[in-house]
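Just coords-v2.json here, JSON, C-alpha atoms and all ligand atoms:
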[["chain", "number", "residue", "atom", "x", "y", "z"],
["A", 6, "MET", "CA", 18.20, 93.00, -8.48],
["A", 7, "HIS", "CA", 14.90, 93.68, -6.78],
["A", 8, "MET", "CA", 13.34, 90.96, -8.89],
["A", 9, "GLN", "CA", 16.14, 88.53, -7.89],
["A", 10, "GLN", "CA", 15.57, 89.28, -4.24],
["A", 11, "SER", "CA", 11.85, 88.63, -4.43],
["A", 12, "GLU", "CA", 12.44, 85.41, -6.34],
["A", 13, "THR", "CA", 14.87, 84.28, -3.65],
["A", 14, "GLN", "CA", 12.31, 85.27, -1.04],
["A", 15, "ALA", "CA", 9.65, 83.25, -2.89],
["A", 16, "GLN", "CA", 11.94, 80.22, -3.06],
["A", 17, "TYR", "CA", 12.69, 80.61, 0.61],
["A", 18, "GLU", "CA", 9.00, 80.73, 1.45],
["A", 19, "GLN", "CA", 8.44, 77.59, -0.59],
["A", 20, "LEU", "CA", 11.39, 75.85, 1.09],
["A", 21, "LYS", "CA", 9.99, 76.76, 4.46],
["A", 22, "LYS", "CA", 6.58, 75.47, 3.58],
["A", 23, "LEU", "CA", 7.24, 71.92, 2.40],
["A", 24, "ALA", "CA", 5.33, 69.88, 4.92],
["A", 25, "ILE", "CA", 5.05, 66.12, 4.95],
["A", 26, "SER", "CA", 1.57, 64.66, 4.54],
["A", 27, "ASP", "CA", 0.41, 61.81, 6.76],
["A", 28, "ASN", "CA", 0.35, 59.48, 3.75],
["A", 29, "ASP", "CA", 3.88, 60.34, 2.70],
["A", 30, "PHE", "CA", 5.10, 59.92, 6.27],
["A", 31, "GLU", "CA", 3.50, 56.47, 6.32],
["A", 32, "LEU", "CA", 5.27, 55.58, 3.06],
["A", 33, "ILE", "CA", 8.65, 56.56, 4.52],
["A", 34, "ARG", "CA", 7.89, 54.94, 7.86],
["A", 35, "ASN", "CA", 6.98, 51.60, 6.25],
["A", 36, "TRP", "CA", 9.97, 51.72, 3.93],
["A", 37, "ILE", "CA", 12.61, 52.39, 6.59],
["A", 38, "TYR", "CA", 11.07, 49.65, 8.75],
["A", 39, "GLU", "CA", 11.27, 47.26, 5.83],
["A", 40, "VAL", "CA", 14.91, 48.03, 4.96],
["A", 41, "ALA", "CA", 16.49, 48.80, 8.32],
["A", 42, "GLY", "CA", 14.07, 47.50, 10.97],
["A", 43, "ILE", "CA", 13.85, 51.05, 12.34],
["A", 44, "THR", "CA", 10.50, 52.02, 13.86],
["A", 45, "LEU", "CA", 9.64, 55.69, 13.42],
["A", 46, "THR", "CA", 6.84, 56.59, 15.80],
["A", 47, "PRO", "CA", 4.29, 59.20, 14.64],
["A", 48, "ALA", "CA", 6.14, 61.65, 16.90],
["A", 49, "LYS", "CA", 9.07, 61.43, 14.46],
["A", 50, "LYS", "CA", 7.16, 63.14, 11.65],
["A", 51, "ASN", "CA", 8.92, 66.47, 12.17],
["A", 52, "LEU", "CA", 12.26, 64.73, 12.43],
["A", 53, "VAL", "CA", 11.70, 63.09, 9.04],
["A", 54, "SER", "CA", 10.63, 66.30, 7.34],
["A", 55, "GLY", "CA", 13.57, 68.12, 8.96],
["A", 56, "ARG", "CA", 16.12, 65.55, 7.82],
["A", 57, "LEU", "CA", 14.82, 64.93, 4.30],
["A", 58, "GLY", "CA", 12.92, 68.14, 3.42],
["A", 59, "LYS", "CA", 15.89, 70.05, 2.06],
["A", 60, "ARG", "CA", 16.94, 67.11, -0.10],
["A", 61, "VAL", "CA", 13.43, 66.63, -1.49],
["A", 62, "GLN", "CA", 13.38, 70.27, -2.57],
["A", 63, "GLU", "CA", 16.96, 70.34, -3.86],
["A", 64, "LEU", "CA", 16.09, 67.50, -6.20],
["A", 65, "GLY", "CA", 13.03, 69.41, -7.41],
["A", 66, "TYR", "CA", 10.31, 67.19, -5.95],
["A", 67, "SER", "CA", 7.23, 68.90, -4.60],
["A", 68, "THR", "CA", 6.22, 66.17, -2.14],
["A", 69, "PHE", "CA", 8.02, 63.63, 0.03],
["A", 70, "GLY", "CA", 6.02, 60.91, -1.69],
["A", 71, "ASP", "CA", 7.42, 61.85, -5.11],
["A", 72, "TYR", "CA", 10.91, 61.64, -3.63],
["A", 73, "ILE", "CA", 10.51, 58.31, -1.83],
["A", 74, "ARG", "CA", 8.54, 56.28, -4.43],
["A", 75, "PRO", "CA", 11.47, 55.76, -6.87],
["A", 76, "ILE", "CA", 13.60, 54.79, -3.87],
["A", 77, "ILE", "CA", 11.09, 52.19, -2.70],
["A", 78, "THR", "CA", 10.88, 50.58, -6.13],
["A", 79, "VAL", "CA", 14.58, 50.94, -7.01],
["A", 80, "ARG", "CA", 16.14, 48.32, -9.28],
["A", 81, "PRO", "CA", 19.71, 47.19, -8.40],
["A", 82, "GLY", "CA", 21.20, 48.48, -11.71],
["A", 83, "ASP", "CA", 19.76, 51.99, -11.30],
["A", 84, "THR", "CA", 22.86, 53.61, -9.78],
["A", 85, "ALA", "CA", 21.34, 57.04, -9.16],
["A", 86, "ALA", "CA", 18.34, 55.60, -7.33],
["A", 87, "VAL", "CA", 20.54, 53.17, -5.37],
["A", 88, "GLN", "CA", 22.68, 56.13, -4.25],
["A", 89, "GLU", "CA", 19.61, 58.15, -3.31],
["A", 90, "ARG", "CA", 18.28, 55.21, -1.34],
["A", 91, "GLN", "CA", 21.53, 55.17, 0.65],
["A", 92, "TYR", "CA", 21.24, 58.94, 1.12],
["A", 93, "ALA", "CA", 17.76, 58.52, 2.60],
["A", 94, "ILE", "CA", 18.91, 55.69, 4.88],
["A", 95, "ASN", "CA", 21.80, 57.85, 6.09],
["A", 96, "ALA", "CA", 19.44, 60.75, 6.75],
["A", 97, "LEU", "CA", 16.98, 58.63, 8.72],
["A", 98, "THR", "CA", 19.43, 56.99, 11.12],
["A", 99, "THR", "CA", 20.47, 58.51, 14.43],
["A", 100, "ASN", "CA", 24.18, 58.15, 15.00],
["A", 101, "GLU", "CA", 24.90, 59.58, 18.43],
["A", 102, "THR", "CA", 27.94, 57.96, 19.97],
["A", 103, "TYR", "CA", 31.06, 58.81, 21.93],
["A", 104, "PHE", "CA", 34.31, 57.31, 23.19],
["A", 105, "PHE", "CA", 34.06, 55.22, 26.37],
["A", 106, "ARG", "CA", 30.26, 55.35, 26.28],
["A", 107, "GLU", "CA", 28.83, 53.16, 29.05],
["A", 108, "PRO", "CA", 32.30, 52.52, 30.50],
["A", 109, "ALA", "CA", 31.21, 49.49, 32.60],
["A", 110, "HIS", "CA", 31.38, 47.44, 29.38],
["A", 111, "PHE", "CA", 34.98, 48.45, 28.78],
["A", 112, "ASP", "CA", 35.87, 47.73, 32.42],
["A", 113, "PHE", "CA", 34.36, 44.25, 31.96],
["A", 114, "LEU", "CA", 36.31, 43.79, 28.73],
["A", 115, "ARG", "CA", 39.57, 44.78, 30.45],
["A", 116, "ASP", "CA", 39.05, 43.01, 33.79],
["A", 117, "VAL", "CA", 37.10, 39.86, 32.90],
["A", 118, "ILE", "CA", 37.31, 39.11, 29.19],
["A", 119, "VAL", "CA", 40.87, 40.11, 28.32],
["A", 120, "PRO", "CA", 42.45, 37.92, 31.03],
["A", 121, "GLN", "CA", 40.58, 34.96, 29.47],
["A", 122, "TRP", "CA", 42.03, 35.89, 26.08],
["A", 123, "GLN", "CA", 45.68, 36.20, 27.14],
["A", 124, "GLY", "CA", 48.13, 34.07, 25.22],
["A", 125, "SER", "CA", 45.55, 32.19, 23.18],
["A", 126, "GLU", "CA", 44.18, 32.35, 19.63],
["A", 127, "ALA", "CA", 43.52, 35.64, 17.80],
["A", 128, "ARG", "CA", 40.34, 37.28, 19.06],
["A", 129, "ARG", "CA", 37.71, 39.15, 17.05],
["A", 130, "ILE", "CA", 35.26, 41.84, 18.12],
["A", 131, "TRP", "CA", 32.30, 43.13, 16.11],
["A", 132, "SER", "CA", 30.91, 46.58, 16.76],
["A", 133, "ALA", "CA", 27.62, 45.84, 15.04],
["A", 134, "ALA", "CA", 26.16, 49.36, 14.85],
["A", 135, "SER", "CA", 29.42, 51.24, 15.03],
["A", 136, "SER", "CA", 28.28, 54.68, 13.91],
["A", 137, "SER", "CA", 31.39, 56.88, 13.39],
["A", 138, "GLY", "CA", 33.73, 54.38, 15.06],
["A", 139, "GLU", "CA", 34.12, 55.63, 18.62],
["A", 140, "GLU", "CA", 32.86, 52.34, 20.12],
["A", 141, "ALA", "CA", 35.22, 50.21, 18.02],
["A", 142, "TYR", "CA", 38.25, 52.42, 18.73],
["A", 143, "THR", "CA", 37.44, 52.47, 22.45],
["A", 144, "ALA", "CA", 37.56, 48.67, 22.52],
["A", 145, "ALA", "CA", 40.71, 48.82, 20.37],
["A", 146, "MET", "CA", 42.48, 51.07, 22.88],
["A", 147, "VAL", "CA", 41.56, 48.72, 25.73],
["A", 148, "LEU", "CA", 42.84, 45.68, 23.83],
["A", 149, "SER", "CA", 46.00, 47.48, 22.68],
["A", 150, "MET", "CA", 46.97, 48.10, 26.25],
["A", 151, "ALA", "CA", 46.58, 44.46, 27.25],
["A", 152, "LEU", "CA", 47.26, 42.23, 24.25],
["A", 153, "SER", "CA", 49.88, 42.06, 21.54],
["A", 154, "LYS", "CA", 48.79, 43.50, 18.23],
["A", 155, "ASN", "CA", 48.40, 40.30, 16.23],
["A", 156, "GLN", "CA", 46.18, 38.82, 18.89],
["A", 157, "TRP", "CA", 43.07, 40.81, 18.09],
["A", 158, "SER", "CA", 41.09, 42.66, 15.44],
["A", 159, "ILE", "CA", 37.85, 44.58, 15.34],
["A", 160, "VAL", "CA", 35.21, 44.97, 12.63],
["A", 161, "GLY", "CA", 32.76, 47.86, 12.78],
["A", 162, "THR", "CA", 29.61, 47.89, 10.67],
["A", 163, "ASP", "CA", 26.75, 50.31, 10.24],
["A", 164, "ILE", "CA", 23.88, 50.74, 7.80],
["A", 165, "ASN", "CA", 24.80, 54.42, 7.40],
["A", 166, "SER", "CA", 27.57, 54.64, 4.76],
["A", 167, "GLU", "CA", 28.52, 58.18, 5.71],
["A", 168, "VAL", "CA", 29.40, 57.35, 9.31],
["A", 169, "VAL", "CA", 31.23, 54.24, 8.09],
["A", 170, "ASN", "CA", 33.44, 56.49, 5.92],
["A", 171, "GLN", "CA", 34.09, 58.81, 8.84],
["A", 172, "ALA", "CA", 34.97, 55.85, 11.06],
["A", 173, "GLY", "CA", 37.60, 54.66, 8.57],
["A", 174, "LYS", "CA", 39.41, 58.00, 8.83],
["A", 175, "ALA", "CA", 39.78, 57.68, 12.63],
["A", 176, "LEU", "CA", 39.88, 61.47, 12.75],
["A", 177, "TYR", "CA", 37.81, 63.36, 15.32],
["A", 178, "PRO", "CA", 37.37, 66.88, 16.68],
["A", 179, "LEU", "CA", 39.41, 67.40, 19.86],
["A", 180, "SER", "CA", 36.21, 68.02, 21.81],
["A", 181, "ARG", "CA", 35.36, 64.31, 21.34],
["A", 182, "ALA", "CA", 38.49, 63.30, 23.26],
["A", 183, "GLU", "CA", 36.94, 64.53, 26.51],
["A", 184, "LYS", "CA", 35.81, 61.12, 27.75],
["A", 185, "ILE", "CA", 38.99, 59.24, 26.84],
["A", 186, "PRO", "CA", 40.95, 58.43, 30.03],
["A", 187, "SER", "CA", 44.36, 60.09, 30.00],
["A", 188, "GLN", "CA", 46.44, 56.89, 29.76],
["A", 189, "TYR", "CA", 44.64, 55.95, 26.51],
["A", 190, "LEU", "CA", 44.71, 59.51, 25.20],
["A", 191, "LYS", "CA", 48.48, 59.68, 25.67],
["A", 192, "ALA", "CA", 49.15, 56.25, 24.22],
["A", 193, "TYR", "CA", 46.74, 56.07, 21.27],
["A", 194, "CYS", "CA", 45.63, 59.55, 20.16],
["A", 195, "LEU", "CA", 47.67, 61.98, 18.10],
["A", 196, "ARG", "CA", 46.87, 65.67, 18.31],
["A", 197, "GLY", "CA", 46.62, 67.35, 14.91],
["A", 198, "ILE", "CA", 48.83, 70.29, 13.98],
["A", 199, "GLY", "CA", 48.70, 72.77, 11.08],
["A", 200, "LYS", "CA", 45.79, 71.83, 8.82],
["A", 201, "MET", "CA", 44.75, 69.22, 11.38],
["A", 202, "ASP", "CA", 44.59, 71.71, 14.23],
["A", 203, "GLY", "CA", 41.54, 71.08, 16.42],
["A", 204, "LEU", "CA", 41.46, 67.39, 15.48],
["A", 205, "PHE", "CA", 43.01, 64.20, 16.79],
["A", 206, "GLN", "CA", 43.64, 60.86, 15.13],
["A", 207, "ILE", "CA", 43.82, 57.33, 16.46],
["A", 208, "THR", "CA", 47.42, 56.06, 16.14],
["A", 209, "PRO", "CA", 48.19, 53.90, 13.07],
["A", 210, "LYS", "CA", 49.06, 50.95, 15.33],
["A", 211, "VAL", "CA", 45.52, 50.86, 16.76],
["A", 212, "LYS", "CA", 43.76, 51.97, 13.58],
["A", 213, "SER", "CA", 45.38, 49.17, 11.56],
["A", 214, "ARG", "CA", 43.61, 46.55, 13.68],
["A", 215, "VAL", "CA", 40.14, 48.03, 13.06],
["A", 216, "SER", "CA", 38.17, 47.93, 9.80],
["A", 217, "PHE", "CA", 34.72, 49.19, 8.86],
["A", 218, "LYS", "CA", 32.07, 48.32, 6.32],
["A", 219, "THR", "CA", 28.48, 49.17, 5.54],
["A", 220, "ALA", "CA", 26.20, 46.35, 6.64],
["A", 221, "ASN", "CA", 22.61, 45.87, 7.72],
["A", 222, "ILE", "CA", 22.16, 43.82, 10.89],
["A", 223, "THR", "CA", 18.59, 42.88, 9.98],
["A", 224, "GLN", "CA", 20.18, 40.83, 7.20],
["A", 225, "ASP", "CA", 22.33, 37.74, 7.43],
["A", 226, "GLN", "CA", 26.02, 38.62, 7.96],
["A", 227, "THR", "CA", 27.60, 35.18, 7.58],
["A", 228, "SER", "CA", 30.43, 36.64, 5.47],
["A", 229, "LEU", "CA", 31.77, 38.47, 8.53],
["A", 230, "GLY", "CA", 32.72, 35.18, 10.20],
["A", 231, "HIS", "CA", 32.59, 34.49, 13.93],
["A", 232, "PHE", "CA", 33.37, 36.70, 16.90],
["A", 233, "ASP", "CA", 34.52, 36.47, 20.51],
["A", 234, "LEU", "CA", 32.59, 39.62, 21.45],
["A", 235, "ILE", "CA", 29.76, 41.44, 19.70],
["A", 236, "MET", "CA", 28.76, 44.94, 20.77],
["A", 237, "LEU", "CA", 25.15, 45.67, 19.89],
["A", 238, "ARG", "CA", 24.70, 48.84, 21.85],
["A", 239, "ASN", "CA", 22.14, 51.61, 21.59],
["A", 240, "VAL", "CA", 20.54, 50.36, 18.40],
["A", 241, "LEU", "CA", 17.90, 47.90, 19.68],
["A", 242, "ILE", "CA", 16.03, 50.97, 20.99],
["A", 243, "TYR", "CA", 15.04, 51.76, 17.40],
["A", 244, "PHE", "CA", 13.56, 48.31, 16.78],
["A", 245, "ASP", "CA", 10.24, 46.65, 17.63],
["A", 246, "LYS", "CA", 10.14, 43.11, 19.04],
["A", 247, "GLU", "CA", 10.12, 41.43, 15.62],
["A", 248, "ALA", "CA", 13.09, 43.40, 14.30],
["A", 249, "LYS", "CA", 14.98, 42.87, 17.57],
["A", 250, "GLN", "CA", 14.46, 39.12, 17.27],
["A", 251, "ARG", "CA", 15.69, 39.13, 13.66],
["A", 252, "VAL", "CA", 18.83, 41.05, 14.62],
["A", 253, "LEU", "CA", 19.49, 38.89, 17.65],
["A", 254, "ASP", "CA", 19.14, 35.68, 15.60],
["A", 255, "ASN", "CA", 21.62, 37.05, 13.06],
["A", 256, "LEU", "CA", 24.12, 38.09, 15.69],
["A", 257, "VAL", "CA", 23.97, 35.13, 18.05],
["A", 258, "LYS", "CA", 24.86, 32.92, 15.06],
["A", 259, "ARG", "CA", 28.03, 34.99, 14.62],
["A", 260, "LEU", "CA", 29.17, 34.44, 18.24],
["A", 261, "LYS", "CA", 31.73, 31.75, 18.95],
["A", 262, "PRO", "CA", 30.79, 29.37, 21.77],
["A", 263, "GLY", "CA", 31.78, 31.20, 24.96],
["A", 264, "GLY", "CA", 31.62, 34.55, 23.12],
["A", 265, "TYR", "CA", 30.09, 37.63, 24.73],
["A", 266, "LEU", "CA", 27.32, 40.01, 23.68],
["A", 267, "PHE", "CA", 27.00, 43.56, 25.04],
["A", 268, "ILE", "CA", 23.76, 45.50, 24.64],
["A", 269, "GLY", "CA", 23.11, 49.09, 25.76],
["A", 270, "HIS", "CA", 22.31, 49.59, 29.43],
["A", 271, "ALA", "CA", 18.91, 51.07, 28.56],
["A", 272, "GLU", "CA", 18.08, 48.13, 26.29],
["A", 273, "SER", "CA", 16.56, 44.76, 27.02],
["A", 274, "LEU", "CA", 16.18, 41.31, 25.51],
["A", 275, "ASN", "CA", 12.96, 40.69, 27.46],
["A", 276, "GLY", "CA", 10.43, 38.64, 25.57],
["A", 277, "LEU", "CA", 12.97, 37.48, 22.95],
["A", 278, "ASP", "CA", 14.22, 33.96, 22.27],
["A", 279, "TYR", "CA", 17.94, 33.38, 22.53],
["A", 280, "ASP", "CA", 20.47, 30.85, 23.70],
["A", 281, "LEU", "CA", 22.60, 33.13, 25.85],
["A", 282, "LYS", "CA", 23.39, 33.27, 29.52],
["A", 283, "MET", "CA", 23.01, 36.62, 31.24],
["A", 284, "ILE", "CA", 26.28, 37.39, 33.04],
["A", 285, "LYS", "CA", 25.17, 40.74, 34.40],
["A", 286, "THR", "CA", 22.99, 43.64, 33.24],
["A", 287, "SER", "CA", 23.54, 44.15, 29.50],
["A", 288, "ILE", "CA", 26.23, 41.44, 29.25],
["A", 289, "TYR", "CA", 25.43, 37.99, 27.84],
["A", 290, "GLN", "CA", 27.50, 34.94, 26.93],
["A", 291, "ARG", "CA", 26.93, 32.15, 24.45],
["A", 292, "PRO", "CA", 27.29, 28.81, 26.28],
["A", 293, "ALA", "CA", 30.59, 27.04, 25.60],
["A", 294, "GLU", "CA", 30.24, 23.91, 23.45],
["A", 295, "LYS", "CA", 29.73, 20.81, 25.56],
["A", 296, "SER", "CA", 32.78, 18.55, 25.27],
["A", 297, "GLY", "CA", 32.01, 15.16, 23.69],
["A", 298, "ARG", "CA", 31.83, 12.12, 25.96],
["B", 1, "LIG", "C1", 22.83, 55.58, 18.42],
["B", 1, "LIG", "S1", 23.98, 54.82, 17.35],
["B", 1, "LIG", "C2", 24.87, 53.77, 18.48],
["B", 1, "LIG", "C3", 26.35, 53.74, 18.18],
["B", 1, "LIG", "C4", 27.19, 52.91, 19.16],
["B", 1, "LIG", "N1", 26.84, 51.51, 19.08],
["B", 1, "LIG", "C5", 27.04, 53.40, 20.57],
["B", 1, "LIG", "O1", 26.47, 52.71, 21.41],
["B", 1, "LIG", "O2", 27.47, 54.52, 20.84],
["B", 1, "LIG", "C6", 22.95, 53.65, 16.46],
["B", 1, "LIG", "C7", 23.58, 53.23, 15.14],
["B", 1, "LIG", "O3", 22.83, 52.11, 14.64],
["B", 1, "LIG", "C8", 22.84, 52.20, 13.23],
["B", 1, "LIG", "N2", 21.78, 51.32, 12.68],
["B", 1, "LIG", "C9", 20.43, 51.50, 12.72],
["B", 1, "LIG", "N3", 19.80, 50.50, 12.09],
["B", 1, "LIG", "C10", 20.77, 49.65, 11.64],
["B", 1, "LIG", "C11", 20.74, 48.43, 10.90],
["B", 1, "LIG", "N4", 19.60, 47.87, 10.50],
["B", 1, "LIG", "N5", 21.93, 47.85, 10.59],
["B", 1, "LIG", "C12", 23.09, 48.40, 10.99],
["B", 1, "LIG", "N6", 23.18, 49.56, 11.67],
["B", 1, "LIG", "C13", 22.03, 50.18, 12.01],
["B", 1, "LIG", "C14", 22.64, 53.68, 12.96],
["B", 1, "LIG", "O4", 23.05, 54.05, 11.67],
["B", 1, "LIG", "C15", 23.50, 54.29, 14.07],
["B", 1, "LIG", "O5", 24.78, 54.63, 13.62]]
Step by step, read the file and then write its structure as structure tokens.
Amino acid sequence: MHMQQSETQAQYEQLKKLAISDNDFELIRNWIYEVAGITLTPAKKNLVSGRLGKRVQELGYSTFGDYIRPIITVRPGDTAAVQERQYAINALTTNETYFFREPAHFDFLRDVIVPQWQGSEARRIWSAASSSGEEAYTAAMVLSMALSKNQWSIVGTDINSEVVNQAGKALYPLSRAEKIPSQYLKAYCLRGIGKMDGLFQITPKVKSRVSFKTANITQDQTSLGHFDLIMLRNVLIYFDKEAKQRVLDNLVKRLKPGGYLFIGHAESLNGLDYDLKMIKTSIYQRPAEKSGR
């Protein structure tokens, strides 16, 4: 028993001690930039060791480098390594989000965009870095209140497969309902009872119009089709100029003429090339196609 305790203590000490070397941090930093466009500044060294350290040790590696090298060189058929690669991506992304975040965008959607969409063709929104789905469902609630259900749909995508799975469930702790205005809460959120106590779920009517998939916005996303509104909010902050430009090129191509782009209020497109008109801070529009003469 005594022996067991001291072994546990020794393991604990070892767990505590695993530090990330500068070289290994560089390896991880370069890799996540390459795959996701995410820039990890040197100040993020502790964050990386905090998020991946336990995993590195659980899998029996003694350094971060030993853990990351097979991930960097993974071959597509190597299922275990492909899964571990996704695990590392999930661990290295920051997924903070909430319902009705930056509400001015949703006011603009309701007051300016939706009236333009009334009674016309079916409209599509893309929440391009959707995290656990709050952004997509917020837009869905706004559209539900104003448009008939077959007139719109929303696609949410994120590089983090875990948050994409959560988003698909549309199930959240009650504490996350705080920022949802009461008219939307009453109309589109169901309070859990019994086993679901302490949770709420987005109503099936709204949920059925929203789908999610894992996708990387630094890569071409032609298969998603074209959109009337793309929300690219609070993700550009993780990218340098080159990665921002790549993402913007990919997304602007997915906008229909006249379609809108929202970016986060703290973000900027300064210094980037794009064919968009700025409507107001953080809201852009792709010019409508010129009619033929
Ligand atoms: C801070 S959250 C923002 C969520 C939401 N858009 C909002 O404004 O609340 C940033 C999200 O971007 C995702 N992300 C980072 N790099 C990405 C990439 N290359 N492709 C797709 N999603 C990415 C992260 O996984 C994370 O969920």
List every residue of stretch 18-61 of chain A that has an atom at most 12 Å from any atom of stretch 92-96 of chain A, and for each one report the closest atom pair and its distance in Å to one decimal, counting all atoms listed in the file, with rows sorted by chain and then by increasing residue number, as JSON lines.
{"residue": "A:Ile33", "atom": "CA", "partner": "A:Ala93", "partner_atom": "CA", "distance": 9.5}
{"residue": "A:Arg34", "atom": "CA", "partner": "A:Ile94", "partner_atom": "CA", "distance": 11.4}
{"residue": "A:Trp36", "atom": "CA", "partner": "A:Ile94", "partner_atom": "CA", "distance": 9.8}
{"residue": "A:Ile37", "atom": "CA", "partner": "A:Ile94", "partner_atom": "CA", "distance": 7.3}
{"residue": "A:Tyr38", "atom": "CA", "partner": "A:Ile94", "partner_atom": "CA", "distance": 10.6}
{"residue": "A:Glu39", "atom": "CA", "partner": "A:Ile94", "partner_atom": "CA", "distance": 11.4}
{"residue": "A:Val40", "atom": "CA", "partner": "A:Ile94", "partner_atom": "CA", "distance": 8.6}
{"residue": "A:Ala41", "atom": "CA", "partner": "A:Ile94", "partner_atom": "CA", "distance": 8.1}
{"residue": "A:Gly42", "atom": "CA", "partner": "A:Ile94", "partner_atom": "CA", "distance": 11.3}
{"residue": "A:Ile43", "atom": "CA", "partner": "A:Ile94", "partner_atom": "CA", "distance": 10.1}
{"residue": "A:Leu52", "atom": "CA", "partner": "A:Ala96", "partner_atom": "CA", "distance": 10.0}
{"residue": "A:Val53", "atom": "CA", "partner": "A:Ala96", "partner_atom": "CA", "distance": 8.4}
{"residue": "A:Ser54", "atom": "CA", "partner": "A:Ala96", "partner_atom": "CA", "distance": 10.4}
{"residue": "A:Gly55", "atom": "CA", "partner": "A:Ala96", "partner_atom": "CA", "distance": 9.7}
{"residue": "A:Arg56", "atom": "CA", "partner": "A:Ala96", "partner_atom": "CA", "distance": 5.9}
{"residue": "A:Leu57", "atom": "CA", "partner": "A:Ala96", "partner_atom": "CA", "distance": 6.7}
{"residue": "A:Gly58", "atom": "CA", "partner": "A:Ala96", "partner_atom": "CA", "distance": 10.4}
{"residue": "A:Lys59", "atom": "CA", "partner": "A:Ala96", "partner_atom": "CA", "distance": 11.0}
{"residue": "A:Arg60", "atom": "CA", "partner": "A:Ala93", "partner_atom": "CA", "distance": 9.0}
{"residue": "A:Val61", "atom": "CA", "partner": "A:Ala93", "partner_atom": "CA", "distance": 10.1}
Counting only C-alpha atoms and all ligand atoms, which protein, DNA or RNA residues come within 9 Å of ligand LIG 1 (chain B), given as a ChimeraX atom specification? /A:38,40-43,94-95,97-107,132-141,162-166,168-169,219-224,236-244,248,252,268-269
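Going from atom CA of A:Phe111 to atom CA of A:Phe232 covers 16.8 Å.
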Kindly give the distance, in Å, that separates atom CA of A:Pro108 and atom CA of A:Lys212, rounded to a single decimal. 20.4 Å
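Between A:Ala109 and the candidates A:Val160, A:Ile288, A:Ala293, A:Glu272, the tightest atom-to-atom separation, counting all atoms listed in the file, involves A:Ile288.
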Using all atoms listed in the file: which of A:Ile25, A:Gln91, A:Lys49, A:Lys218 has the shortest distance to A:Asp71: A:Ile25
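Picture a line from atom CA of A:His231 to atom CA of A:Trp157; it runs 12.9 Å.
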Please, which residues in stretch 124-164 of chain A fall within 9 Å of stretch 191-198 of chain A when counting only C-alpha atoms, and what is the closest atom pair and distance in Å to one decimal for each, ordered by chain then residue number, as JSON lines?
{"residue": "A:Met146", "atom": "CA", "partner": "A:Tyr193", "partner_atom": "CA", "distance": 6.8}
{"residue": "A:Ser149", "atom": "CA", "partner": "A:Tyr193", "partner_atom": "CA", "distance": 8.7}
{"residue": "A:Met150", "atom": "CA", "partner": "A:Ala192", "partner_atom": "CA", "distance": 8.7}
